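Novice: Below is a structure I'd like to ask you about.
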Protein chains: 4
Amino acid sequence: MNDERPTPADYRWHRPFPTRWHDNDVFGHVNNTIYYAAMDTTVTSWLLGRAVGPQAGSDASRSDVAAVSWGYGMTDVQGDPAVVIASSCRYFASGAFPDTFLVGLRVDRVGTTSVSWGLGIFRESDEELLATGTFVHVFVDRVSRRPIPVPPAIRDRIGAELVADA
Amino acid sequence: MNDERPTPADYRWHRPFPTRWHDNDVFGHVNNTIYYAAMDTTVTSWLLGRAVGPQAGSDASRSDVAAVSWGYGMTDVQGDPAVVIASSCRYFASGAFPDTFLVGLRVDRVGTTSVSWGLGIFRESDEELLATGTFVHVFVDRVSRRPIPVPPAIRDRIGAELVADA
Amino acid sequence: MNDERPTPADYRWHRPFPTRWHDNDVFGHVNNTIYYAAMDTTVTSWLLGRAVGPQAGSDASRSDVAAVSWGYGMTDVQGDPAVVIASSCRYFASGAFPDTFLVGLRVDRVGTTSVSWGLGIFRESDEELLATGTFVHVFVDRVSRRPIPVPPAIRDRIGAELVADA
Amino acid sequence: MNDERPTPADYRWHRPFPTRWHDNDVFGHVNNTIYYAAMDTTVTSWLLGRAVGPQAGSDASRSDVAAVSWGYGMTDVQGDPAVVIASSCRYFASGAFPDTFLVGLRVDRVGTTSVSWGLGIFRESDEELLATGTFVHVFVDRVSRRPIPVPPAIRDRIGAELVADA
């Protein structure tokens with residue numbers, strides 16, 4: 001572990017994540033697993049791109065195919081899914097309902113078949129750093145479930161929107 | 001079951017409830033249990049009253065006593081908790097991530113020791129009715145856990161803010 | 001609400017539901033929404049019938065189509081889903097992690113297109129009644145999402161295994 | 001990341017973790033965040049030690065103080081809590097409801113104020129490795145929330161029950 005203490009400005013894209021009453025555990029703090037829900041929801045929201053919204057919601061309810069395809073920001077509904085192969089979180093301070101988290105997203109590395117996401121979770125009201133985390137996705141063929149190259153449309157959007165030092 | 005189809009205007013207080021990626025089940029719809037999380041969070045948010053926000057969050061992280069006491073909108077940190085004794089939900093349409101729900105809250109009945117809440121869950125983007133629900137709370141002594149009268153401060157706030165036909 | 005206080009013997013089928021650490025809320029009790037997860041999981045487990053197990057798990061990971069089709073206890077992978085249109089719960093006592101719940105299932109009514117499930121949630125160790133609940137499913141065409149008759153295979157299994165006074 | 005592929009025998013203590021219907025996401029696989037719930041529940045269960053069971057459940061429902069104190073296997077209800085400062089997970093294969101996970105627990109390192117837990121998550125039916133993970137706890141003073149030495153009773157139980165090469 002290093003001593004990095006990022007600020008929201010260290011991330012290229014941000015999303016609010018309001019806490020829920022039962023996110024709090026017996027100690028009155030947001031349970032450690034909820035930070036992964038915040039990261040999972042933020043990465044997926046970015047993958048859904050412009051499709052985010054009620055229409056996307058309607059599409060999403062049709063099938064996981066449509067759900068994944070938006071991730072590519074394409075009309076291709078045959079899109080292949082991305083599978084999480086690793087994740088991690090470091091906790092710096094405790095959040096508690098009714099806090100809203102501010103989640104920052106960037107991409108630390110794009111490999112041949114994988115994307116390494118970097119996330120920062122802050123208390124929206126005062127931007128105190130609560131946690132930092134990582135997610136590693138591998139894109140796989142929807143039938144064979146074997147790794148495939150990162151879809152060009154995703155690679156392009158990442159370069160344009162999320163690379164830390166872009 | 002009756003055929004009531006309320007609109008947001010039929011509720012006195014409203015709160016957005018953004019969905020999370022994993023709220024969706026295998027069918028790509030928000031799982032039926034999440035609607036209860038939306039109702040649980042909305043009723044609690046109202047009980048937290050003006051204390052909602054980062055300060056409340058900090059207080060909440062101290063103890064459930066403080067957490068409950070806000071519900072009374074009082075500085076009394078000896079406040080007694082409210083326990084859910086019944087809940088119900090009727091489902092009219094399916095929501096799906098990334099929908100944001102708009103949750104409406106009213107009070108259908110205030111008894112000697114209980115409060116019956118009425119809730120409506122709508123898709124925020126088009127205000128389509130997704131579900132209606134009920135929650136019944138009984139206030140109990142924090143030590144004996146036996147029913148006690150609805151705290152006057154709560155009864156007063158309900159009359160001022162939430163009674164359907166107030 | 002009536003004063004019925006069922007025992008496990010009042011249900012035809014039973015399933016243990018171990019609690020998880022974060023099922024507990026700030027009061028150290030299992031949160032009210034978790035009882036719906038217990039009912040949702042129990043009804044689905046029964047619908048999965050004999051397919052429950054690792055093979056079913058493997059099948060389930062393929063698609064929601066296969067997942068639903070087991071519900072019918074058929075090899076037909078074109079099976080139509082059942083949608084929850086109503087649910088309710090009454091709470092009699094508090095459970096807390098590390099309790100294991102014992103969930104009892106019966107069928108209170110089988111309509112043309114719907115099934116009304118009755119559930120009882122007990123603490124497994126001493127069989128104290130914690131809650132009773134209901135779920136109402138309507139079977140729908142997987143494409144049109146319009147109600148269809150309860151599949152004969154489901155109707156037959158219910159009559160043989162779950163009807164309260166069978 | 002290394003290529004370690006542990007088996008249940010590589011862990012000193014084991015606990016089943018049955019999946020729930022809504023643990024499955026839109027792809028019909030257990031969502032990545034649920035693996036953290038499995039680890040969180042397993043570490044806590046071990047900390048609760050012999051107190052696990054209905055009595056523990058009853059105690060747990062009283063306060064977080066009692067809940068934590070069992071962790072120490074002591075009657076001291078003034079016990080200090082352990083806070084998660086880091087966690088991680090690597091995913092090797094997908095689980096799916098109705099799988100039951102078998103979670104293995106060991107301790108990789110005991111520091112002055114911290115404990116580093118190592119976990120393995122397997123499908124109980126065939127013991128296929130699904131994921132490996134880590135949790136790092138720091139024990140803190142319940143009032144000042146500042147780090148304190150690992151309680152002797154915990155250190156002793158770890159040495160006796162969980163050290164990998166003990």
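Residues in the structure tokens are numbered from 1 in each chain, the chains being A, B, ... in the order shown, and ligands are numbered from 1 in the order shown.
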Pick out the chain D residues within 12 Å of chain A. Count only C-alpha atoms. Give them as a ChimeraX atom specification.
Specialist: /D:1,25-41,60-68,80-94,130-138,142,145
Novice: In range 63-147 of chain D, what's alpha helix (DSSP H) per DSSP? Answer as a ChimeraX atom specification?
Specialist: /D:64-71
Novice: Work out how far CA of Asp108 in chain D is from CA of Asp156 in chain D, in Å to one decimal.
Specialist: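 Between CA of Asp156 in chain D and CA of Asp108 in chain D the gap works out to 14.7 Å.
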Novice: Quick one: residues within 9 Å of Thr42 in chain C, only C-alpha atoms, excluding same-chain residues fewer than 5 positions away - as a ChimeraX atom specification?
Specialist: /C:14-17,37,47,103-105,119 /D:20-21
Novice: Could you pull the residues within 12 Å of Thr112 in chain C, counting only C-alpha atoms, minus those fewer than 2 positions along the same chain, as a list of chain:residue names?
Specialist: C:Arg109, C:Val110, C:Ser114, C:Val115, C:Ser116, C:His137, C:Val138, C:Phe139, C:Val140, C:Pro147, C:Ile148, C:Pro149, C:Val150, C:Pro151, C:Pro152, C:Arg155
Novice: Grab the CA of Glu127 in chain D to CA of Arg106 in chain D distance for me, in Å with one decimal place.
Specialist: 17.1 Å
Novice: Considering only C-alpha atoms, return as a list in words whatever protein or nucleic-acid residues lie within 8 Å of Asp10 in chain C, sequence-local ones (same chain, fewer than 2 positions apart) excluded.
Specialist: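 That gives Pro6, Thr7, Pro8, Arg12, Gly104 and Ala164 of chain C.
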Novice: Would you save the residues from that selection as a PDB file, in the first residue's frame, using all heavy atoms?
Specialist:
ATOM      1  N   PRO C   6     -48.536 -19.082  13.166  1.00  0.00           N
ATOM      2  CA  PRO C   6     -48.249 -20.425  12.645  1.00  0.00           C
ATOM      3  C   PRO C   6     -46.989 -21.025  13.251  1.00  0.00           C
ATOM      4  O   PRO C   6     -46.154 -20.320  13.833  1.00  0.00           O
ATOM      5  CB  PRO C   6     -48.069 -20.185  11.150  1.00  0.00           C
ATOM      6  CG  PRO C   6     -47.615 -18.770  11.050  1.00  0.00           C
ATOM      7  CD  PRO C   6     -48.350 -18.042  12.152  1.00  0.00           C
ATOM      8  N   THR C   7     -46.885 -22.342  13.103  1.00  0.00           N
ATOM      9  CA  THR C   7     -45.663 -23.067  13.475  1.00  0.00           C
ATOM     10  C   THR C   7     -45.097 -23.670  12.197  1.00  0.00           C
ATOM     11  O   THR C   7     -45.788 -23.702  11.167  1.00  0.00           O
ATOM     12  CB  THR C   7     -45.980 -24.208  14.475  1.00  0.00           C
ATOM     13  OG1 THR C   7     -46.736 -25.212  13.764  1.00  0.00           O
ATOM     14  CG2 THR C   7     -46.781 -23.682  15.669  1.00  0.00           C
ATOM     15  N   PRO C   8     -43.852 -24.178  12.218  1.00  0.00           N
ATOM     16  CA  PRO C   8     -43.303 -24.796  11.002  1.00  0.00           C
ATOM     17  C   PRO C   8     -44.218 -25.874  10.425  1.00  0.00           C
ATOM     18  O   PRO C   8     -44.295 -26.047   9.201  1.00  0.00           O
ATOM     19  CB  PRO C   8     -41.968 -25.371  11.482  1.00  0.00           C
ATOM     20  CG  PRO C   8     -41.551 -24.438  12.578  1.00  0.00           C
ATOM     21  CD  PRO C   8     -42.848 -24.095  13.291  1.00  0.00           C
ATOM     22  N   ARG C  12     -45.795 -26.711   4.184  1.00  0.00           N
ATOM     23  CA  ARG C  12     -45.571 -28.016   3.571  1.00  0.00           C
ATOM     24  C   ARG C  12     -44.123 -28.263   3.169  1.00  0.00           C
ATOM     25  O   ARG C  12     -43.703 -29.381   2.955  1.00  0.00           O
ATOM     26  CB  ARG C  12     -46.470 -28.164   2.330  1.00  0.00           C
ATOM     27  CG  ARG C  12     -47.955 -28.095   2.620  1.00  0.00           C
ATOM     28  CD  ARG C  12     -48.424 -29.304   3.406  1.00  0.00           C
ATOM     29  NE  ARG C  12     -48.024 -30.544   2.778  1.00  0.00           N
ATOM     30  CZ  ARG C  12     -48.663 -31.112   1.753  1.00  0.00           C
ATOM     31  NH1 ARG C  12     -49.739 -30.528   1.246  1.00  0.00           N
ATOM     32  NH2 ARG C  12     -48.237 -32.228   1.229  1.00  0.00           N
ATOM     33  N   GLY C 104     -40.767 -21.541   5.989  1.00  0.00           N
ATOM     34  CA  GLY C 104     -41.790 -22.500   5.587  1.00  0.00           C
ATOM     35  C   GLY C 104     -42.596 -21.947   4.420  1.00  0.00           C
ATOM     36  O   GLY C 104     -42.871 -20.753   4.376  1.00  0.00           O
ATOM     37  N   ALA C 164     -51.987 -26.164   1.266  1.00  0.00           N
ATOM     38  CA  ALA C 164     -52.036 -26.216   2.732  1.00  0.00           C
ATOM     39  C   ALA C 164     -52.831 -27.424   3.237  1.00  0.00           C
ATOM     40  O   ALA C 164     -52.388 -28.149   4.115  1.00  0.00           O
ATOM     41  CB  ALA C 164     -52.638 -24.919   3.274  1.00  0.00           C
TER      42      ALA C 164
END
Novice: Any idea what the distance is between CA of Glu161 in chain C and CA of Pro98 in chain D?
Specialist: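 Atom-to-atom, CA of Glu161 in chain C and CA of Pro98 in chain D are spaced 20.3 Å apart.
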